[in-house]
Structure formats: structure tokens, C-alpha cells
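Participant: Dropping in protein.tsv, which is TSV, C-alpha atoms:
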chain	number	residue	atom	x	y	z
A	1	MET	CA	-40.33	-80.43	72.53
A	2	ASN	CA	-37.74	-81.47	70.02
A	3	TYR	CA	-35.68	-78.78	68.34
A	4	ARG	CA	-36.77	-80.25	65.02
A	5	ALA	CA	-40.34	-79.06	65.75
A	6	ILE	CA	-39.28	-75.44	65.26
A	7	TRP	CA	-37.48	-75.75	61.93
A	8	PRO	CA	-40.27	-74.16	59.86
A	9	TRP	CA	-40.11	-71.09	62.10
A	10	LEU	CA	-36.44	-70.41	61.43
A	11	PHE	CA	-36.96	-69.25	57.83
A	12	PRO	CA	-39.71	-66.67	58.57
A	13	ALA	CA	-37.87	-65.51	61.69
A	14	GLY	CA	-34.81	-64.96	59.50
A	15	LEU	CA	-36.91	-63.00	57.01
A	16	ILE	CA	-38.26	-60.78	59.80
A	17	ALA	CA	-34.75	-60.18	61.14
A	18	ALA	CA	-33.50	-59.36	57.62
A	19	GLY	CA	-36.46	-57.02	57.14
A	20	LEU	CA	-35.70	-55.22	60.39
A	21	ILE	CA	-32.01	-54.86	59.58
A	22	THR	CA	-32.41	-53.74	55.98
A	23	LYS	CA	-35.78	-52.00	56.50
A	24	GLY	CA	-37.06	-54.21	53.72
A	25	GLU	CA	-40.85	-54.11	53.84
A	26	ALA	CA	-41.37	-57.03	51.48
A	27	LEU	CA	-39.03	-59.26	53.51
A	28	ALA	CA	-40.77	-58.35	56.74
A	29	ALA	CA	-44.23	-58.79	55.19
A	30	LEU	CA	-43.32	-62.24	53.90
A	31	GLY	CA	-41.84	-63.21	57.27
A	32	ILE	CA	-44.75	-62.06	59.43
A	33	SER	CA	-47.37	-63.50	57.11
A	34	LEU	CA	-45.59	-66.86	57.11
A	35	VAL	CA	-45.51	-66.82	60.92
A	36	ALA	CA	-49.20	-65.86	61.06
A	37	GLY	CA	-50.11	-68.68	58.69
A	38	LEU	CA	-47.97	-71.20	60.54
A	39	SER	CA	-49.46	-70.12	63.86
A	40	LEU	CA	-52.78	-71.60	62.73
A	41	SER	CA	-51.25	-74.97	61.93
A	42	GLY	CA	-52.74	-76.54	65.01
A	43	SER	CA	-56.26	-75.89	63.74
A	44	ILE	CA	-55.94	-77.69	60.45
B	45	MET	CA	-58.02	-84.53	56.89
B	46	LEU	CA	-57.31	-83.94	53.23
B	47	LEU	CA	-54.82	-86.77	53.08
B	48	PRO	CA	-55.65	-90.32	54.15
B	49	PRO	CA	-53.32	-91.75	56.85
B	50	THR	CA	-51.31	-94.02	54.63
B	51	ARG	CA	-47.64	-94.76	54.46
B	52	ARG	CA	-47.33	-94.13	50.76
B	53	ARG	CA	-48.10	-90.95	48.88
B	54	SER	CA	-48.93	-90.61	45.21
B	55	ILE	CA	-49.03	-87.86	42.60
B	56	TYR	CA	-52.74	-87.71	43.42
B	57	ASP	CA	-51.93	-86.56	46.98
B	58	THR	CA	-49.48	-83.99	45.65
B	59	LYS	CA	-52.19	-82.56	43.37
B	60	VAL	CA	-54.62	-82.35	46.29
B	61	ILE	CA	-52.07	-80.40	48.33
B	62	ALA	CA	-51.28	-78.15	45.35
B	63	ALA	CA	-55.00	-77.36	45.00
B	64	TYR	CA	-55.20	-76.68	48.74
B	65	TRP	CA	-52.16	-74.38	48.53
B	66	ALA	CA	-53.65	-72.48	45.57
B	67	GLY	CA	-56.91	-72.07	47.48
B	68	ALA	CA	-55.18	-70.92	50.67
B	69	THR	CA	-53.16	-68.37	48.71
B	70	SER	CA	-56.28	-67.08	46.90
B	71	GLY	CA	-58.15	-66.71	50.18
B	72	ALA	CA	-55.22	-65.00	51.87
B	73	LEU	CA	-54.83	-62.61	48.95
B	74	LEU	CA	-58.51	-61.71	49.18
B	75	SER	CA	-58.19	-60.88	52.89
B	76	ALA	CA	-54.88	-59.03	52.48
B	77	LEU	CA	-56.15	-56.93	49.57
B	78	SER	CA	-59.44	-56.16	51.32
B	79	VAL	CA	-57.56	-54.83	54.35
B	80	TRP	CA	-55.13	-53.02	52.05
B	81	VAL	CA	-58.03	-51.16	50.41
B	82	LEU	CA	-59.42	-50.24	53.83
B	83	SER	CA	-55.97	-49.06	54.93
B	84	GLY	CA	-56.58	-45.89	52.89
B	85	PHE	CA	-58.57	-44.64	55.87
B	86	THR	CA	-55.35	-44.45	57.91
B	87	GLU	CA	-53.81	-41.96	55.46
B	88	PRO	CA	-54.05	-38.98	57.87
B	89	LEU	CA	-52.18	-40.83	60.66
B	90	GLY	CA	-48.54	-40.04	61.38
B	91	VAL	CA	-45.88	-42.64	62.18
B	92	ARG	CA	-46.26	-42.16	65.93
B	93	GLY	CA	-50.02	-42.60	65.73
B	94	ARG	CA	-49.63	-45.79	63.69
B	95	ILE	CA	-47.16	-47.27	66.17
B	96	VAL	CA	-49.35	-46.39	69.15
B	97	LEU	CA	-52.41	-47.93	67.48
B	98	LEU	CA	-50.44	-51.04	66.48
B	99	LEU	CA	-49.22	-51.57	70.05
B	100	ALA	CA	-52.64	-50.84	71.54
B	101	GLY	CA	-54.35	-53.11	69.03
B	102	ALA	CA	-51.89	-55.96	69.63
B	103	ALA	CA	-52.33	-55.62	73.40
B	104	PHE	CA	-56.11	-55.62	73.02
B	105	VAL	CA	-56.02	-58.72	70.83
B	106	TRP	CA	-53.81	-60.52	73.36
B	107	LEU	CA	-56.05	-59.48	76.27
B	108	CYS	CA	-59.15	-60.75	74.44
B	109	ARG	CA	-57.66	-64.03	73.25
B	110	GLN	CA	-55.14	-65.13	75.86
B	111	GLY	CA	-55.35	-62.54	78.64
B	112	PRO	CA	-57.90	-61.61	81.32
B	113	LEU	CA	-60.54	-60.56	78.79
B	114	ALA	CA	-60.62	-64.01	77.17
B	115	GLY	CA	-64.22	-65.18	77.26
B	116	VAL	CA	-65.44	-61.65	78.00
B	117	ILE	CA	-64.79	-59.99	74.64
B	118	SER	CA	-64.84	-62.16	71.51
B	119	LEU	CA	-62.60	-61.39	68.58
B	120	PRO	CA	-64.16	-61.78	65.13
B	121	GLU	CA	-63.93	-65.38	63.96
B	122	ALA	CA	-66.27	-68.00	62.52
B	123	ARG	CA	-66.69	-70.60	65.26
B	124	ARG	CA	-67.26	-73.54	63.00
B	125	GLN	CA	-65.40	-76.24	61.18
B	126	ILE	CA	-65.34	-75.87	57.42
B	127	PRO	CA	-68.24	-78.09	56.27
B	128	SER	CA	-67.46	-81.33	54.46
B	129	GLN	CA	-69.92	-80.30	51.71
B	130	VAL	CA	-67.08	-78.36	50.08
B	131	PHE	CA	-65.89	-81.73	48.73
B	132	THR	CA	-69.13	-82.60	46.98
B	133	ASN	CA	-67.85	-81.22	43.65
B	134	GLY	CA	-64.72	-83.34	43.55
B	135	ILE	CA	-61.59	-83.66	45.61
B	136	TYR	CA	-59.48	-81.08	43.76
B	137	ARG	CA	-62.18	-78.40	43.73
B	138	GLY	CA	-62.97	-79.32	47.32
B	139	ALA	CA	-59.33	-79.01	48.35
B	140	TYR	CA	-59.17	-75.61	46.63
B	141	GLN	CA	-62.32	-74.39	48.37
B	142	PHE	CA	-61.20	-75.81	51.71
B	143	GLY	CA	-57.86	-74.03	51.30
B	144	PHE	CA	-59.62	-70.83	50.24
B	145	GLU	CA	-61.73	-70.77	53.39
B	146	MET	CA	-58.69	-71.55	55.54
B	147	GLY	CA	-56.65	-68.90	53.73
B	148	THR	CA	-59.10	-66.08	54.33
B	149	GLY	CA	-58.44	-66.48	58.04
B	150	VAL	CA	-62.01	-65.53	58.91
B	151	ARG	CA	-64.04	-68.59	57.83
B	152	THR	CA	-63.09	-70.90	60.68
B	153	TYR	CA	-61.53	-70.89	64.17
B	154	VAL	CA	-58.57	-68.54	64.75
B	155	PRO	CA	-56.77	-69.82	67.88
B	156	SER	CA	-53.71	-67.59	67.48
B	157	ILE	CA	-53.34	-63.82	67.89
B	158	ALA	CA	-50.75	-63.60	65.08
B	159	PRO	CA	-53.24	-63.30	62.16
B	160	TYR	CA	-55.06	-60.43	63.88
B	161	ILE	CA	-51.78	-58.57	64.37
B	162	LEU	CA	-50.87	-59.22	60.73
B	163	LEU	CA	-54.15	-57.61	59.58
B	164	LEU	CA	-53.56	-54.70	61.96
B	165	ALA	CA	-50.08	-54.23	60.50
B	166	ILE	CA	-51.37	-54.15	56.91
B	167	PHE	CA	-54.20	-51.81	57.91
B	168	LEU	CA	-52.00	-49.38	59.83
B	169	ALA	CA	-48.88	-49.52	57.66
B	170	ARG	CA	-50.72	-48.76	54.43
B	171	PRO	CA	-48.01	-50.63	52.49
B	172	THR	CA	-47.57	-50.73	48.73
B	173	LEU	CA	-49.78	-53.11	46.73
B	174	ALA	CA	-46.76	-55.37	46.13
B	175	VAL	CA	-46.14	-55.68	49.88
B	176	ALA	CA	-49.81	-56.48	50.54
B	177	ILE	CA	-49.70	-59.17	47.84
B	178	THR	CA	-46.49	-60.55	49.35
B	179	ALA	CA	-48.24	-60.78	52.72
B	180	GLY	CA	-51.12	-62.69	51.14
B	181	ILE	CA	-48.77	-65.13	49.42
B	182	GLY	CA	-46.84	-65.65	52.65
B	183	PHE	CA	-49.97	-66.34	54.69
B	184	GLY	CA	-51.22	-68.84	52.11
B	185	LEU	CA	-47.88	-70.61	52.13
B	186	GLY	CA	-47.81	-70.66	55.93
B	187	ARG	CA	-51.29	-72.18	55.92
B	188	ALA	CA	-50.17	-74.88	53.49
B	189	VAL	CA	-46.93	-75.89	55.24
B	190	PRO	CA	-48.61	-78.41	57.61
B	191	MET	CA	-50.16	-80.16	54.61
B	192	MET	CA	-46.82	-80.21	52.86
B	193	ALA	CA	-45.30	-81.65	56.02
B	194	GLN	CA	-47.91	-84.41	56.00
B	195	LEU	CA	-46.93	-85.15	52.43
B	196	ALA	CA	-43.27	-85.31	53.41
B	197	MET	CA	-43.89	-87.28	56.60
B	198	THR	CA	-44.33	-90.59	54.87
B	199	GLN	CA	-40.97	-90.10	53.22
B	200	ARG	CA	-39.46	-90.72	56.65
B	201	SER	CA	-38.65	-87.07	57.22
B	202	ALA	CA	-37.99	-86.69	60.94
B	203	TYR	CA	-38.26	-82.93	60.61
B	204	ALA	CA	-41.79	-83.11	59.20
B	205	THR	CA	-42.87	-85.56	61.89
B	206	GLU	CA	-41.52	-83.41	64.69
B	207	PHE	CA	-43.06	-80.28	63.20
B	208	LEU	CA	-46.50	-81.86	63.18
B	209	ARG	CA	-46.00	-82.98	66.78
B	210	GLY	CA	-44.94	-79.55	67.95
B	211	LYS	CA	-48.39	-78.01	67.90
B	212	ASP	CA	-48.01	-76.59	71.41
B	213	ILE	CA	-46.06	-73.58	70.21
B	214	TYR	CA	-48.29	-72.54	67.33
B	215	ALA	CA	-50.89	-70.49	69.14
B	216	THR	CA	-48.62	-69.08	71.85
B	217	PRO	CA	-48.09	-65.33	72.36
B	218	LEU	CA	-44.56	-65.89	70.98
B	219	THR	CA	-45.86	-66.04	67.42
B	220	GLY	CA	-47.85	-62.85	68.00
B	221	LEU	CA	-44.75	-61.13	69.34
B	222	LEU	CA	-42.77	-62.23	66.30
B	223	VAL	CA	-45.41	-60.75	63.98
B	224	LEU	CA	-45.52	-57.55	66.05
B	225	LEU	CA	-41.75	-57.24	65.79
B	226	GLY	CA	-41.83	-57.55	62.02
B	227	ALA	CA	-44.82	-55.22	61.80
B	228	PHE	CA	-42.66	-52.35	63.04
B	229	THR	CA	-40.66	-52.59	59.81
B	230	LEU	CA	-43.87	-51.96	57.86
B	231	VAL	CA	-45.27	-49.24	60.08
B	232	TYR	CA	-42.09	-47.30	60.90
Represent the supplied structure as C-alpha cells.
Facilitator:
Amino acid sequence: MNYRAIWPWLFPAGLIAAGLITKGEALAALGISLVAGLSLSGSI
Amino acid sequence: MLLPPTRRRSIYDTKVIAAYWAGATSGALLSALSVWVLSGFTEPLGVRGRIVLLLAGAAFVWLCRQGPLAGVISLPEARRQIPSQVFTNGIYRGAYQFGFEMGTGVRTYVPSIAPYILLLAIFLARPTLAVAITAGIGFGLGRAVPMMAQLAMTQRSAYATEFLRGKDIYATPLTGLLVLLGAFTLVY
């Protein structure tokens, strides 16, 4: 596993962290939905 | 595969991916808004009840998909590939319809637990309409990223190539945990 394989996850993980820290619902919603969408990438 | 395995990409390929992205976002919005409407039923629940149900639901989903109940209890999913007939009305309309079915999250295989936890979060959090729409847009974008990576791959992007190779981590419980973590922001 190359570290470059996880680069798309860094942005949504950052959004989730920002949502948790600021209690920003929209940030968290965008972050978790991106992760959920990305998690199905193997089935495309 | 929406894109042929060639070394050069054209504006034609970009339009196909744009149609796919639009379809995935439309499908995801439909699912997110449907669950958002149903979330009205959770109105009487307090914060503690929502958190307990979210944790219990996430645990149940994990048990059924990747835990000891896998193969015993089936989670709702359409166990089929999206049929190739969607492309009979042209490549752009086909790409849109293909993306739409992928974006709904319920019209084909769902190997990961993360989408189920996302739907649970929207259902239990009863967020504002804007937040539900944001979730739909995010899911559609997440669904389209692999296609965008394929588009970028031929431009000698090492990051896109490695991302497409790293499929082992997609359907792991880690992604479900990440969604669960973020879901607390919505529910709490």
C-alpha cells in the first residue's frame, strides 16, 4: 500500500475533523458522505 | 467501464464523466432526501436515544456485513450489476443513468458498511434540508472520484494511479468508523 493511495481520503477526513471541532453539521455531512461514496469505489 | 483503456483522453471522455457525475449526484440526492423525509418519524427521540440507536445500528450493520452475522442476515442491496442496456439511448444519457443508479446506493452491490451508516445518520439526526442536500452532493462526488481518477490517470498522475490500485481499503470497517465519527456531529 502506497501512501499515495490514501490521498482522496485526506480531504473528507479533514472535513469530518473540522466538523467535529466546530460542530459544523454541513462540514461533517459533506465529509461523511464523501467517505461513504469513496468506500464504494472498489465496486465501480 | 465507462472509459475505454486508452492512453489518451479527449473532451468526449470528460463529457462522459461529467454526465456520470451529474447522474451520481442526482441519485444520491434522491436517496438522501427520501431518508430525510422519513427522518421526521424520529422527531420524538431525544439526543441520548438517537446516539444509542446510531451506535446499535452501526454495530448491527457491521455484524451483518463483516462480522459473525455475515451470510446469516442480509442487508438491503440489489445483488446485480447495472445492466448494459442503460447505454442503449446514447453514451451521455447512459452515463447519466449509470451514475444515477450508482448514486442511489441501492441499485447495485454495496460492499461497504459506510453508506448504511450514512443513511442511519441522516435518518436519526433529522438534519436541516441544506445538510441533507450537502450529504447527497458529497456522496455523488465520492462516487464519481474513481472515474475522475481514471480520467487523470492517463495524464501520468501517480496519485490517481495509486488511488485506483488501493482498493483494499475501500470497504474496510475503517471507512465505516470514519462515517460513524462524523455522524456524531450531526446527531449530538
Participant: Need the shell around range 33-40 of chain A: protein/DNA/RNA residues with any atom at most 10 Å away, counting all atoms listed in the file. Skip same-chain ones fewer than 5 positions apart. Format as a ChimeraX atom specification?
Facilitator: /A:8-13,15-16,28 /B:68,72,76,146-147,149,153-163,176,178-190,211,213-220,222-223,226-227
Participant: Select, from B:Val231, B:Ala122, B:Val116, B:Leu221, the residue with the minimum atom-to-atom distance to Arg151 in chain B, counting all atoms listed in the file.
Facilitator: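 Of B:Val231, B:Ala122, B:Val116, B:Leu221, the one nearest Arg151 in chain B is B:Ala122, counting all atoms listed in the file.
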Participant: Once you add 6 Å to each side, what are the centre and edge lengths of the axis-aligned box holding all listed atoms of range 170-174 of chain B? One decimal in Å, as AutoDock Vina command-line options, if you can.
Facilitator:
--center_x -48.7 --center_y -52.1 --center_z 50.3 --size_x 16.0 --size_y 18.6 --size_z 20.3
Participant: Find the residues near Phe142 in chain B: any atom within 9 Å, counting only C-alpha atoms, skip ones fewer than 3 places away on the same chain, and give them as a ChimeraX atom specification.
Facilitator: /B:64,67-68,126-128,130-131,137-139,145-147
Participant: Record the distance separating CA of Ala193 in chain B and CA of Leu225 in chain B, expressed in Å with one decimal.
Facilitator: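 Those two atoms sit 26.5 Å apart.
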Participant: CA of Gly84 in chain B and CA of Ala169 in chain B, how far apart in Å?
Facilitator: 9.8 Å
Participant: Can you work out the spacing between CA of Ser70 in chain B and CA of Leu230 in chain B in Å, to one decimal?
Facilitator: 22.4 Å
Participant: I'd like the contact shell of Glu25 in chain A - 7 Å cut-off, all atoms listed in the file, skipping same-chain residues fewer than 6 positions apart - returned as a list in words.
Facilitator: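 These residues fall inside the cut-off: Gly19 of chain A; Val175, Thr229 and Leu230 of chain B.
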